[in-house]
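Trainee: Before anything else, here's the structure in question.
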Amino acid sequence: MRLLIYAGKLFVEAGARACLLSPGEGVYNRAKINQQGLFMDRLFEFIVNHYILVSIFVALLAALFVLESRRGGQKISAQAAVNLINRDEAIVLDIRDRKDYAEGHITGALHIPLNSLKERMAELNKHKGKQIVVADKMGQHAAMAVKQLTAEGFENVVRLNGGIADWKASNLPLVKK
């Protein structure tokens, strides 16, 4: 960016653009507007000149988004989980540790911590016909449990979107032992 004086008038030049500054106009504001426009011009120029690179980047970004959304199985909202539980079509599997489970859990939930899920898989065999809703603290670790359950032959397994934190945020009840 350069300041130019041409024919007694002050100009701000930024790349290919030059703009006349009137006496009452702030240099900083005009220069900032020109820089934003210059950025968009250069971005567009980069995209045009490197369309193959940009196409690969967009494809990789889309693939990452698709893989991450499918990574841990299907998500279910707290309200949809309530509907399934009330119709006795689902069982809730709480994979949090004992301390968190004791602080409050969903009514009728089975408590099997994530680190002992493989050893206690036999406890879930009687619920193979029902949908299993996996609940954790924030929705971050449920994907691993869903993956383990589907590997063991459970077909109808979903994870609670947002975990127990989302359940609490929806003002749904938790019971304590």
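So you can find residues: chains in the structure tokens are A, B, ... in the order shown, residues in each start at 1, and ligands are numbered from 1 in order.
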Could you make a table, as CSV, of the residues of range 68-90 of chain A that have an atom within 8 Å of an atom of range 125-135 of chain A, each with its nearest atom pair and distance in Å to one decimal, counting only C-alpha atoms, in chain and number order?
Mentor:
residue,atom,partner,partner_atom,distance
A:Ala81,CA,A:Val133,CA,7.3
A:Glu89,CA,A:Lys130,CA,5.7
A:Ala90,CA,A:Gln131,CA,4.5
Trainee: Take the residues that were just selected and, keeping all heavy atoms, output them as an mmCIF file, in the first residue's frame.
Mentor:
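Output below, filename part-v6.cif:
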data_model
loop_
_atom_site.group_PDB
_atom_site.id
_atom_site.type_symbol
_atom_site.label_atom_id
_atom_site.label_comp_id
_atom_site.auth_asym_id
_atom_site.auth_seq_id
_atom_site.Cartn_x
_atom_site.Cartn_y
_atom_site.Cartn_z
ATOM 1 N N ALA A 81 -34.956 -39.929 22.143
ATOM 2 C CA ALA A 81 -34.626 -41.001 23.078
ATOM 3 C C ALA A 81 -35.742 -41.185 24.100
ATOM 4 O O ALA A 81 -36.101 -42.323 24.434
ATOM 5 C CB ALA A 81 -33.304 -40.707 23.781
ATOM 6 N N GLU A 89 -39.106 -49.285 23.495
ATOM 7 C CA GLU A 89 -38.429 -49.758 22.295
ATOM 8 C C GLU A 89 -36.912 -49.607 22.393
ATOM 9 O O GLU A 89 -36.209 -50.010 21.481
ATOM 10 C CB GLU A 89 -38.933 -49.003 21.063
ATOM 11 C CG GLU A 89 -40.387 -49.240 20.753
ATOM 12 C CD GLU A 89 -40.883 -48.408 19.591
ATOM 13 O OE1 GLU A 89 -40.080 -47.653 19.005
ATOM 14 O OE2 GLU A 89 -42.079 -48.498 19.282
ATOM 15 N N ALA A 90 -36.440 -49.004 23.474
ATOM 16 C CA ALA A 90 -35.005 -48.753 23.592
ATOM 17 C C ALA A 90 -34.552 -48.965 25.024
ATOM 18 O O ALA A 90 -35.322 -48.839 25.972
ATOM 19 C CB ALA A 90 -34.673 -47.334 23.155
#
Trainee: As a PyMOL selection string, please: every residue in range 15-158 of chain A that DSSP puts in helix (DSSP H, G or I).
Mentor: chain A and resi 27-49+51-70+78-86+98-103+114-116+121-127+142-151
Trainee: Applying 10 Å and only C-alpha atoms, which residues near Gln148 in chain A remain after dropping the ones on its own chain fewer than 6 positions away? List them as a ChimeraX atom specification.
Mentor: /A:114,117-118,121,142,154
Trainee: Selected residues, N, CA, C and O atoms, written as a short mmCIF file (atom, residue, chain, number, x, y, z; two decimals), in the first residue's frame, please.
Mentor:
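Writing done, so here's again.cif:
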data_model
loop_
_atom_site.label_atom_id
_atom_site.label_comp_id
_atom_site.auth_asym_id
_atom_site.auth_seq_id
_atom_site.Cartn_x
_atom_site.Cartn_y
_atom_site.Cartn_z
N LEU A 114 -17.22 -47.54 30.05
CA LEU A 114 -16.61 -47.79 28.75
C LEU A 114 -15.40 -48.72 28.85
O LEU A 114 -15.22 -49.61 28.01
N LEU A 117 -16.60 -52.41 29.03
CA LEU A 117 -17.68 -52.79 28.12
C LEU A 117 -17.45 -54.15 27.47
O LEU A 117 -18.35 -54.97 27.38
N LYS A 118 -16.23 -54.41 27.04
CA LYS A 118 -15.93 -55.69 26.38
C LYS A 118 -16.15 -56.87 27.33
O LYS A 118 -16.70 -57.89 26.93
N MET A 121 -20.09 -57.46 28.02
CA MET A 121 -20.94 -57.47 26.84
C MET A 121 -22.09 -58.47 26.97
O MET A 121 -23.18 -58.27 26.41
N ALA A 142 -19.08 -41.86 23.25
CA ALA A 142 -20.12 -42.81 22.86
C ALA A 142 -19.81 -43.47 21.52
O ALA A 142 -20.20 -44.61 21.29
N PHE A 154 -24.39 -56.19 17.57
CA PHE A 154 -25.57 -55.38 17.87
C PHE A 154 -25.82 -54.47 16.68
O PHE A 154 -24.94 -53.71 16.26
#
Trainee: Counting only C-alpha atoms, which residues of range 38-88 of chain A fall within 12 Å of range 98-111 of chain A, and what is the closest atom pair for each with its distance in Å at one decimal, ordered by chain and rising number, as JSON lines?
Mentor:
{"residue": "A:Ala78", "atom": "CA", "partner": "A:Ile106", "partner_atom": "CA", "distance": 10.7}
{"residue": "A:Ala81", "atom": "CA", "partner": "A:Ile106", "partner_atom": "CA", "distance": 10.5}
{"residue": "A:Val82", "atom": "CA", "partner": "A:Ile106", "partner_atom": "CA", "distance": 9.8}
{"residue": "A:Ile85", "atom": "CA", "partner": "A:Gly108", "partner_atom": "CA", "distance": 9.1}
{"residue": "A:Asn86", "atom": "CA", "partner": "A:Thr107", "partner_atom": "CA", "distance": 10.7}
{"residue": "A:Asp88", "atom": "CA", "partner": "A:Gly108", "partner_atom": "CA", "distance": 10.7}
Trainee: How would the residues just chosen look if you wrote them out with N, CA and C atoms as a PDB file, in the first residue's frame?
Mentor:
ATOM      1  N   ALA A  78     -32.203 -36.000  22.509  1.00  0.00           N
ATOM      2  CA  ALA A  78     -32.725 -36.382  23.825  1.00  0.00           C
ATOM      3  C   ALA A  78     -34.227 -36.628  23.760  1.00  0.00           C
ATOM      4  N   ALA A  81     -34.956 -39.929  22.143  1.00  0.00           N
ATOM      5  CA  ALA A  81     -34.626 -41.001  23.078  1.00  0.00           C
ATOM      6  C   ALA A  81     -35.742 -41.185  24.100  1.00  0.00           C
ATOM      7  N   VAL A  82     -36.308 -40.089  24.586  1.00  0.00           N
ATOM      8  CA  VAL A  82     -37.421 -40.176  25.534  1.00  0.00           C
ATOM      9  C   VAL A  82     -38.593 -40.904  24.890  1.00  0.00           C
ATOM     10  N   ILE A  85     -37.809 -44.614  24.772  1.00  0.00           N
ATOM     11  CA  ILE A  85     -37.815 -45.211  26.118  1.00  0.00           C
ATOM     12  C   ILE A  85     -39.250 -45.367  26.612  1.00  0.00           C
ATOM     13  N   ASN A  86     -40.076 -44.360  26.398  1.00  0.00           N
ATOM     14  CA  ASN A  86     -41.467 -44.416  26.854  1.00  0.00           C
ATOM     15  C   ASN A  86     -42.261 -45.507  26.135  1.00  0.00           C
ATOM     16  N   ASP A  88     -40.991 -48.263  25.266  1.00  0.00           N
ATOM     17  CA  ASP A  88     -40.263 -49.484  25.612  1.00  0.00           C
ATOM     18  C   ASP A  88     -39.608 -50.124  24.387  1.00  0.00           C
TER      19      ASP A  88
END
Trainee: Apply DSSP to the backbone of this structure and, from range 53-113 of chain A, keep only the residues in strand (DSSP E); write these as a PyMOL selection string.
Mentor: chain A and resi 75-76+90-94+110-111
Trainee: Selection from above, C-alpha atoms, as an mmCIF file, in the first residue's frame, can you write it?
Mentor:
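Saved to out_24.cif:
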data_model
loop_
_atom_site.group_PDB
_atom_site.id
_atom_site.type_symbol
_atom_site.label_atom_id
_atom_site.label_comp_id
_atom_site.auth_asym_id
_atom_site.auth_seq_id
_atom_site.Cartn_x
_atom_site.Cartn_y
_atom_site.Cartn_z
ATOM 1 C CA LYS A 75 -27.030 -39.739 16.638
ATOM 2 C CA ILE A 76 -30.364 -39.377 18.382
ATOM 3 C CA ALA A 90 -35.005 -48.753 23.592
ATOM 4 C CA ILE A 91 -32.626 -49.396 26.438
ATOM 5 C CA VAL A 92 -30.152 -46.757 27.625
ATOM 6 C CA LEU A 93 -26.542 -47.783 28.164
ATOM 7 C CA ASP A 94 -24.677 -45.313 30.384
ATOM 8 C CA LEU A 110 -27.790 -49.885 32.420
ATOM 9 C CA HIS A 111 -24.449 -48.803 33.810
#
Trainee: Would you mind reading off the distance between CA of Trp167 in chain A and CA of Gln79 in chain A, one decimal, in Å?
Mentor: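 That distance, rounded to one decimal, is 8.5 Å.
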Trainee: Taking only C-alpha atoms into account, name the residue in A:Met138, A:Leu38, A:Ile95, A:Ala63 that is nearest to Asp166 in chain A.
Mentor: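 Counting only C-alpha atoms, the residue closest to Asp166 in chain A is A:Met138.
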Trainee: One decimal, Å: what's the distance from CA of Asp97 in chain A over to CA of Asn115 in chain A, could you say?
Mentor: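 Those two atoms sit 8.8 Å apart.
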